[in-house]
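One file, work_8.txt, is given below (compact mmCIF, C-alpha atoms and all ligand atoms).
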```txt
# COMPACT_ATOMS: atom_id res chain seq x y z
CA MET A 14 -15.01 -23.91 1.27
CA LEU A 15 -13.47 -26.00 4.04
CA GLY A 16 -16.67 -27.44 5.49
CA ALA A 17 -17.14 -29.81 2.55
CA LEU A 18 -13.64 -31.23 3.01
CA LEU A 19 -14.07 -32.46 6.57
CA PRO A 20 -16.24 -35.14 8.22
CA ALA A 21 -19.76 -34.14 9.27
CA THR A 22 -18.68 -34.27 12.93
CA VAL A 23 -16.47 -31.19 12.36
CA SER A 24 -17.92 -27.74 12.92
CA VAL A 25 -16.45 -25.19 10.50
CA ALA A 26 -16.92 -21.42 10.36
CA GLU A 27 -15.36 -19.20 7.72
CA ALA A 28 -15.26 -15.54 6.71
CA PHE A 29 -14.23 -13.87 3.45
CA GLY A 30 -13.37 -10.55 5.08
CA ASP A 31 -13.19 -8.69 8.37
CA ALA A 32 -16.46 -6.77 8.07
CA GLU A 33 -18.29 -8.30 11.05
CA PRO A 34 -17.30 -7.11 14.53
CA ALA A 35 -14.87 -9.55 16.15
CA PRO A 36 -14.11 -8.53 19.75
CA LEU A 37 -11.16 -10.23 21.44
CA LEU A 38 -11.84 -11.97 24.73
CA GLY A 39 -9.70 -11.84 27.88
CA ALA A 40 -6.01 -12.57 27.40
CA GLU A 41 -6.38 -12.88 23.62
CA GLU A 42 -5.66 -9.15 23.51
CA ALA A 43 -2.15 -9.73 24.86
CA ILE A 44 -1.33 -12.14 21.97
CA VAL A 45 -1.70 -9.37 19.39
CA ALA A 46 -1.03 -6.33 21.60
CA ARG A 47 2.01 -5.28 19.55
CA ALA A 48 0.81 -6.63 16.19
CA VAL A 49 0.12 -4.52 13.09
CA ALA A 50 -3.53 -3.81 12.21
CA ARG A 51 -3.69 -6.49 9.49
CA ARG A 52 -2.51 -9.20 11.89
CA ARG A 53 -4.94 -8.03 14.59
CA GLN A 54 -7.81 -8.24 12.12
CA GLU A 55 -7.02 -11.72 10.82
CA PHE A 56 -6.48 -12.94 14.38
CA ALA A 57 -9.76 -11.43 15.63
CA THR A 58 -11.89 -12.65 12.72
CA ALA A 59 -10.43 -16.15 12.93
CA ARG A 60 -11.11 -16.17 16.71
CA ARG A 61 -14.70 -15.12 15.96
CA CYS A 62 -14.96 -18.02 13.47
CA ALA A 63 -13.57 -20.36 16.13
CA ARG A 64 -16.18 -19.21 18.70
CA GLU A 65 -18.92 -19.61 16.10
CA ALA A 66 -17.76 -23.15 15.29
CA LEU A 67 -17.47 -24.00 19.01
CA ALA A 68 -20.95 -22.60 19.71
CA ARG A 69 -22.39 -25.09 17.23
CA LEU A 70 -20.85 -27.86 19.35
CA GLY A 71 -22.44 -26.32 22.46
CA PHE A 72 -19.44 -24.44 23.90
CA PRO A 73 -19.98 -20.94 25.34
CA PRO A 74 -17.77 -18.02 24.16
CA ALA A 75 -14.34 -18.09 25.84
CA PRO A 76 -10.83 -16.84 25.06
CA ILE A 77 -8.84 -19.12 22.75
CA LEU A 78 -5.25 -18.55 23.81
CA ALA A 79 -2.07 -19.78 22.14
CA GLY A 80 0.55 -22.28 23.32
CA GLY A 81 4.31 -21.85 23.25
CA ASN A 82 4.43 -22.90 19.59
CA ARG A 83 1.58 -20.60 18.55
CA GLU A 84 -0.88 -23.52 18.52
CA PRO A 85 -4.46 -22.60 19.47
CA LEU A 86 -5.49 -23.86 22.92
CA TRP A 87 -8.97 -25.34 22.67
CA PRO A 88 -11.40 -26.07 25.52
CA PRO A 89 -10.91 -29.50 27.13
CA GLY A 90 -12.27 -32.29 24.94
CA VAL A 91 -11.94 -30.27 21.72
CA VAL A 92 -9.53 -30.50 18.78
CA GLY A 93 -9.34 -27.87 16.08
CA SER A 94 -7.40 -25.73 13.67
CA ILE A 95 -7.29 -22.16 12.39
CA THR A 96 -6.19 -20.61 9.11
CA HIS A 97 -6.18 -17.17 7.51
CA CYS A 98 -4.88 -15.66 4.31
CA THR A 99 -5.81 -12.57 2.31
CA GLY A 100 -9.60 -12.59 1.94
CA TYR A 101 -10.23 -15.74 3.97
CA ARG A 102 -10.33 -16.80 7.63
CA ALA A 103 -11.57 -20.12 9.00
CA ALA A 104 -11.69 -22.37 12.04
CA ALA A 105 -12.64 -26.03 12.33
CA VAL A 106 -13.36 -27.84 15.61
CA ALA A 107 -14.59 -31.27 16.72
CA ARG A 108 -14.97 -33.24 19.89
CA ARG A 109 -11.87 -35.27 20.77
CA ALA A 110 -14.10 -38.33 21.03
CA GLU A 111 -14.69 -38.00 17.26
CA LEU A 112 -11.26 -36.95 15.97
CA ALA A 113 -7.72 -37.03 17.32
CA SER A 114 -6.61 -33.94 15.43
CA ILE A 115 -7.54 -31.48 12.65
CA GLY A 116 -5.41 -29.34 10.34
CA ILE A 117 -6.75 -26.72 7.93
CA ASP A 118 -4.94 -24.31 5.66
CA ALA A 119 -5.87 -21.73 3.02
CA GLU A 120 -3.53 -20.06 0.54
CA PRO A 121 -3.95 -17.72 -2.42
CA ASN A 122 -4.09 -19.71 -5.68
CA GLU A 123 -0.85 -18.11 -6.82
CA PRO A 124 2.55 -19.52 -7.81
CA LEU A 125 5.01 -20.12 -5.00
CA PRO A 126 8.14 -17.97 -4.99
CA PRO A 127 10.92 -20.10 -6.57
CA GLU A 128 13.05 -20.03 -3.41
CA VAL A 129 10.17 -21.48 -1.36
CA ARG A 130 9.54 -24.25 -3.92
CA GLU A 131 13.02 -25.66 -3.33
CA VAL A 132 12.54 -25.75 0.43
CA ILE A 133 9.11 -27.32 0.65
CA MET A 134 9.21 -29.94 -2.12
CA ALA A 135 11.29 -33.06 -2.58
CA PRO A 136 12.30 -34.06 -6.15
CA ALA A 137 9.62 -36.81 -6.20
CA GLU A 138 6.95 -34.28 -5.24
CA MET A 139 8.20 -31.80 -7.87
CA ALA A 140 8.01 -34.51 -10.51
CA GLY A 141 4.26 -34.90 -9.92
CA MET A 142 3.58 -31.20 -10.48
CA ALA A 143 3.87 -31.18 -14.30
CA ARG A 144 1.29 -33.97 -14.64
CA LEU A 145 -1.15 -32.11 -12.38
CA ALA A 146 -0.59 -28.79 -14.20
CA ALA A 147 -1.24 -30.43 -17.58
CA ARG A 148 -4.48 -31.86 -16.26
CA GLU A 149 -5.78 -28.71 -14.53
CA PRO A 150 -3.72 -25.61 -15.40
CA GLY A 151 -5.94 -23.23 -13.38
CA VAL A 152 -4.71 -24.62 -10.07
CA CYS A 153 -1.30 -23.64 -8.65
CA TRP A 154 -0.41 -27.18 -7.65
CA GLU A 155 2.81 -26.26 -5.88
CA ARG A 156 0.86 -23.87 -3.68
CA LEU A 157 -1.71 -26.59 -3.04
CA LEU A 158 1.05 -29.01 -2.02
CA PHE A 159 2.47 -26.35 0.28
CA SER A 160 -0.99 -25.88 1.83
CA ALA A 161 -1.37 -29.65 2.27
CA LYS A 162 1.92 -29.70 4.19
CA GLU A 163 0.81 -26.80 6.38
CA SER A 164 -2.43 -28.65 7.16
CA VAL A 165 -0.41 -31.76 7.96
CA TYR A 166 1.79 -29.75 10.32
CA LYS A 167 -1.21 -28.25 12.13
CA ALA A 168 -2.70 -31.74 12.62
CA TRP A 169 0.68 -33.23 13.54
CA PHE A 170 1.73 -30.69 16.13
CA PRO A 171 -0.91 -31.30 18.86
CA LEU A 172 -0.20 -35.04 18.63
CA ALA A 173 3.61 -34.99 18.41
CA ARG A 174 4.36 -31.67 20.17
CA ARG A 175 7.42 -31.11 18.01
CA TRP A 176 8.50 -29.56 14.70
CA LEU A 177 7.91 -31.46 11.45
CA ASP A 178 10.06 -30.37 8.57
CA PHE A 179 8.76 -30.09 5.00
CA SER A 180 11.20 -32.87 4.09
CA GLU A 181 9.78 -35.21 6.74
CA ALA A 182 6.51 -35.99 4.97
CA GLU A 183 5.92 -36.95 1.35
CA VAL A 184 2.66 -35.70 -0.12
CA VAL A 185 0.93 -37.35 -3.08
CA ILE A 186 -2.07 -35.57 -4.62
CA ASP A 187 -4.89 -37.56 -6.23
CA PRO A 188 -6.72 -35.17 -8.58
CA GLU A 189 -9.41 -37.77 -9.42
CA ALA A 190 -10.69 -37.77 -5.83
CA ALA A 191 -9.50 -34.24 -4.86
CA CYS A 192 -7.59 -35.71 -1.96
CA PHE A 193 -4.00 -36.23 -0.84
CA THR A 194 -1.93 -38.46 1.40
CA ALA A 195 1.10 -37.50 3.45
CA ARG A 196 3.45 -40.34 4.34
CA LEU A 197 5.57 -39.61 7.38
CA LEU A 198 9.28 -40.18 6.78
CA VAL A 199 9.99 -39.93 10.51
CA PRO A 200 8.47 -41.90 13.42
CA GLY A 201 4.90 -40.80 13.98
CA PRO A 202 3.24 -39.91 17.28
CA PRO A 203 1.31 -42.55 19.25
CA HIS A 204 -2.13 -43.17 17.80
CA GLY A 205 -4.57 -45.82 19.00
CA ALA A 206 -2.68 -49.05 19.70
CA GLY A 207 0.27 -48.04 17.46
CA THR A 208 1.81 -45.00 15.85
CA LEU A 209 0.56 -42.70 13.14
CA GLY A 210 2.18 -43.46 9.78
CA GLY A 211 0.70 -40.58 7.85
CA PHE A 212 -2.24 -38.31 7.17
CA SER A 213 -4.94 -38.10 4.56
CA GLY A 214 -6.70 -34.97 3.51
CA ARG A 215 -8.89 -33.30 0.95
CA TYR A 216 -8.55 -30.10 -1.05
CA ALA A 217 -10.57 -27.58 -3.02
CA ALA A 218 -9.71 -24.67 -5.30
CA GLY A 219 -11.94 -21.69 -6.02
CA ARG A 220 -12.55 -18.01 -5.25
CA GLY A 221 -8.86 -17.34 -5.83
CA LEU A 222 -7.86 -19.78 -3.07
CA VAL A 223 -6.59 -23.29 -2.54
CA VAL A 224 -7.74 -24.87 0.72
CA THR A 225 -6.72 -28.15 2.33
CA ALA A 226 -7.93 -30.07 5.34
CA VAL A 227 -6.68 -33.07 7.31
CA ALA A 228 -8.65 -35.02 9.89
CA VAL A 229 -7.09 -37.74 12.05
CA PRO A 230 -9.60 -40.34 13.30
CA ALA A 231 -9.91 -40.71 17.06
C1 LIG A 301 2.50 -22.78 11.76
C2 LIG A 301 2.24 -22.67 10.27
C3 LIG A 301 1.83 -24.05 9.75
C4 LIG A 301 1.11 -21.67 10.02
O1 LIG A 301 0.71 -21.67 8.68
P1 LIG A 301 0.56 -20.32 7.82
O2 LIG A 301 0.16 -20.68 6.42
O3 LIG A 301 1.78 -19.50 8.02
O4 LIG A 301 -0.60 -19.50 8.48
P2 LIG A 301 -2.16 -19.79 8.61
O5 LIG A 301 -2.80 -18.48 8.64
O6 LIG A 301 -2.71 -20.77 7.65
O7 LIG A 301 -2.25 -20.47 10.05
C5 LIG A 301 -1.94 -19.73 11.17
C6 LIG A 301 -2.57 -20.42 12.34
O8 LIG A 301 -1.99 -21.70 12.52
C7 LIG A 301 -2.14 -22.05 13.88
N1 LIG A 301 -0.88 -22.57 14.37
C8 LIG A 301 0.28 -21.89 14.55
N2 LIG A 301 1.21 -22.71 15.06
C9 LIG A 301 0.64 -23.92 15.19
C10 LIG A 301 1.10 -25.16 15.68
N3 LIG A 301 2.36 -25.33 16.14
N4 LIG A 301 0.26 -26.21 15.68
C11 LIG A 301 -1.02 -26.07 15.26
N5 LIG A 301 -1.53 -24.90 14.78
C12 LIG A 301 -0.69 -23.84 14.75
C13 LIG A 301 -2.53 -20.78 14.66
O9 LIG A 301 -3.88 -20.88 15.00
C14 LIG A 301 -2.31 -19.70 13.62
O10 LIG A 301 -3.22 -18.62 13.68
P3 LIG A 301 -3.24 -17.60 14.94
O11 LIG A 301 -1.81 -17.29 15.25
O12 LIG A 301 -4.02 -16.44 14.43
O13 LIG A 301 -3.93 -18.38 16.02
C15 LIG A 301 3.52 -22.21 9.48
O14 LIG A 301 3.80 -20.87 9.80
C16 LIG A 301 4.74 -23.02 9.79
O15 LIG A 301 5.47 -22.80 10.75
N6 LIG A 301 5.07 -24.01 8.91
C17 LIG A 301 6.25 -24.79 9.02
C18 LIG A 301 5.99 -26.21 9.47
C19 LIG A 301 5.42 -27.02 8.37
O16 LIG A 301 4.48 -26.58 7.73
N7 LIG A 301 5.95 -28.21 8.13
C20 LIG A 301 5.49 -29.06 7.07
C21 LIG A 301 5.39 -30.48 7.53
S1 LIG A 301 5.05 -31.57 6.17
```

Show the structure stored in the file as structure tokens.
Amino acid sequence: MLGALLPATVSVAEAFGDAEPAPLLGAEEAIVARAVARRRQEFATARRCAREALARLGFPPAPILAGGNREPLWPPGVVGSITHCTGYRAAAVARRAELASIGIDAEPNEPLPPEVREVIMAPAEMAGMARLAAREPGVCWERLLFSAKESVYKAWFPLARRWLDFSEAEVVIDPEAACFTARLLVPGPPHGAGTLGGFSGRYAAGRGLVVTAVAVPA
């Protein structure tokens, strides 16, 4: 589902379950040593997807460890992102020469709990939801907006190396083009000759999921 949302230079691998064997490599084991079985499985399958995606770029199998903020640590010269939710795991990677950062996220196509809605959406973003729901009632648009923000965060973090709050980016969804923009309401990280003002991404809904992806040009 995610492959179609990202540039052709991105290698994506996805899984709709944990059926295939997914051995952990090296110090990956320590990351989930005390985790419950469900977490171990999603972690292992997503790591397998990541190795599969990296192999297509020519990288041999190697442990993919995690940084101090849980971010995946990719081989030198690689950018990427990982997501998992019930029934879906995916990884997307690209060479740093092609893209500066990637963020992917998958969520069940289910309504957000009301208490979460308040935290993740600004009034302007909430106002857009009714219009989207009237147009396409089968999509949980609030969940999709949440996913877009998670993708934005995963693309933001490796560039800025700091937290980005849900209130610090304003997301506008364009249902005509199945894409979205996220305008940063705080100073962006350095990018090229200037700073990054925002992100653009694409989304898809299907198979009981909403998925979003953000790619930042090199
Ligand atoms: C980190 C976060 C985005 C993960 O999203 P999630 O929907 O809970 O979980 P997902 O399964 O989709 O993604 C989890 C993966 O994200 C990746 N991830 C975690 N922290 C990350 C970070 N700081 N930077 C980049 N990627 C990160 C990891 O690969 C993780 O999987 P792993 O632990 O198995 O390696 C989320 O928990 C979070 O903290 N969100 C708050 C910040 C935010 O979204 N701000 C909005 C800004 S507009």

Item checked: Exercise: Leu125 (chain A) partners within 7 Å, only C-alpha atoms, chain neighbours under 2 positions left out, as a list in words -> Glu123, Pro127, Val129, Arg130, Glu155 and Arg156 of chain A

Next item on the list: Pick out the residues no farther than 7 Å from ligand LIG 301 (chain A), counting all atoms listed in the file, and list them as a PyMOL selection string.
Entry: chain A and resi 55-56+59+79+82-85+94-98+118-120+162-168+170-171+176-182

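The space separating CA of Ala66 (chain A) from CA of Val23 (chain A) comes to 8.7 Å.
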
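CA of Leu18 (chain A) is positioned 6.6 Å from CA of Tyr216 (chain A).
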
Checklist line | Exercise: Leu158 (chain A) partners within 8 Å, all atoms listed in the file, chain neighbours under 4 positions left out, as a PyMOL selection string | finding: chain A and resi 154+162+184+186

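For the choices A:Ala40, A:Leu67, A:Val223, A:Ala206, the atom-to-atom distance to Ala107 (chain A) is smallest for A:Leu67 when using all atoms listed in the file.
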
Margin query: Please report the interatomic distance between CA of Gly71 (chain A) and CA of Gln54 (chain A) in Å with one decimal.
Written below: 25.5 Å

Checklist line | For Gly201 (chain A): contacts at 8 Å, only C-alpha atoms, fewer than 3 positions along chain excluded, given as a PyMOL selection string | finding: chain A and resi 173+197+208-211

Restricting it to C-alpha atoms, dump the selection as a short mmCIF file (atom, residue, chain, number, x, y, z; two decimals), keeping the file's coordinate frame.
```
data_model
loop_
_atom_site.label_atom_id
_atom_site.label_comp_id
_atom_site.auth_asym_id
_atom_site.auth_seq_id
_atom_site.Cartn_x
_atom_site.Cartn_y
_atom_site.Cartn_z
CA ALA A 173 3.61 -34.99 18.41
CA LEU A 197 5.57 -39.61 7.38
CA THR A 208 1.81 -45.00 15.85
CA LEU A 209 0.56 -42.70 13.14
CA GLY A 210 2.18 -43.46 9.78
CA GLY A 211 0.70 -40.58 7.85
#
```

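Compared by their closest atoms to Ala26 (chain A), and using only C-alpha atoms, the residues A:Met134, A:Ile44, A:Ala50, A:Leu70 rank with A:Leu70 nearest.
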
Please provide the set of residues having any atom within 10 Å of Arg53 (chain A), restricted to all atoms listed in the file, with same-chain residues fewer than 5 positions apart removed, written as a PDB file with C-alpha atoms, keeping the file's coordinate frame.
```pdb
ATOM      1  CA  LEU A  37     -11.160 -10.230  21.440  1.00  0.00           C
ATOM      2  CA  GLU A  42      -5.660  -9.150  23.510  1.00  0.00           C
ATOM      3  CA  ILE A  44      -1.330 -12.140  21.970  1.00  0.00           C
ATOM      4  CA  VAL A  45      -1.700  -9.370  19.390  1.00  0.00           C
ATOM      5  CA  ALA A  46      -1.030  -6.330  21.600  1.00  0.00           C
ATOM      6  CA  ARG A  47       2.010  -5.280  19.550  1.00  0.00           C
ATOM      7  CA  ALA A  48       0.810  -6.630  16.190  1.00  0.00           C
ATOM      8  CA  THR A  58     -11.890 -12.650  12.720  1.00  0.00           C
ATOM      9  CA  ALA A  59     -10.430 -16.150  12.930  1.00  0.00           C
TER      10      ALA A  59
END
```

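Taking all atoms listed in the file into account, Trp169 (chain A) lies nearest to A:Ala228 out of the set A:Ala146, A:Ala228, A:Ala140, A:Val132.
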
Using the file's own x, y and z axes, what box holds all listed atoms of region 125-134 of chain A with 4 Å on each side, keeping edges along x, y and z, and what are its centre and edge lengths in Å to one decimal, as AutoDock Vina command-line options?
```
--center_x 9.0 --center_y -24.0 --center_z -3.0 --size_x 16.0 --size_y 20.0 --size_z 15.2
```

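Each of A:Gly214, A:Gly207, A:Pro74, A:Gly116 was compared to Cys192 (chain A) using all atoms listed in the file, and A:Gly214 turns out to be the nearest.
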
Note to self: Give me the residues near Glu183 (chain A) as a ChimeraX atom specification, where near means some atom within 9 Å (using only C-alpha atoms) and where sequence neighbours in that chain fewer than 5 positions away do not count.
What the structure shows: /A:134-135,137-138,162,194-198

Next item on the list: Step by step: start from the point (-12.1, -18.9, 14.3) in the file's coordinates, keep every protein, DNA or RNA residue that has an atom no farther than 8 Å from it, count all atoms listed in the file, and write the set as a VMD selection string.
Entry: chain A and resid 26 to 27 57 to 66 95 102 to 105

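Counting all atoms listed in the file, the residue from A:Leu112, A:Arg174, A:Met14, A:Pro202 that sits nearest to Ala218 (chain A) is A:Met14.
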
Notebook entry, point to check: So which one's closest to Cys153 (chain A), A:Glu128, A:Gly219, A:Ser114, A:Asp31? Using all atoms listed in the file, please.
Noted result: A:Gly219
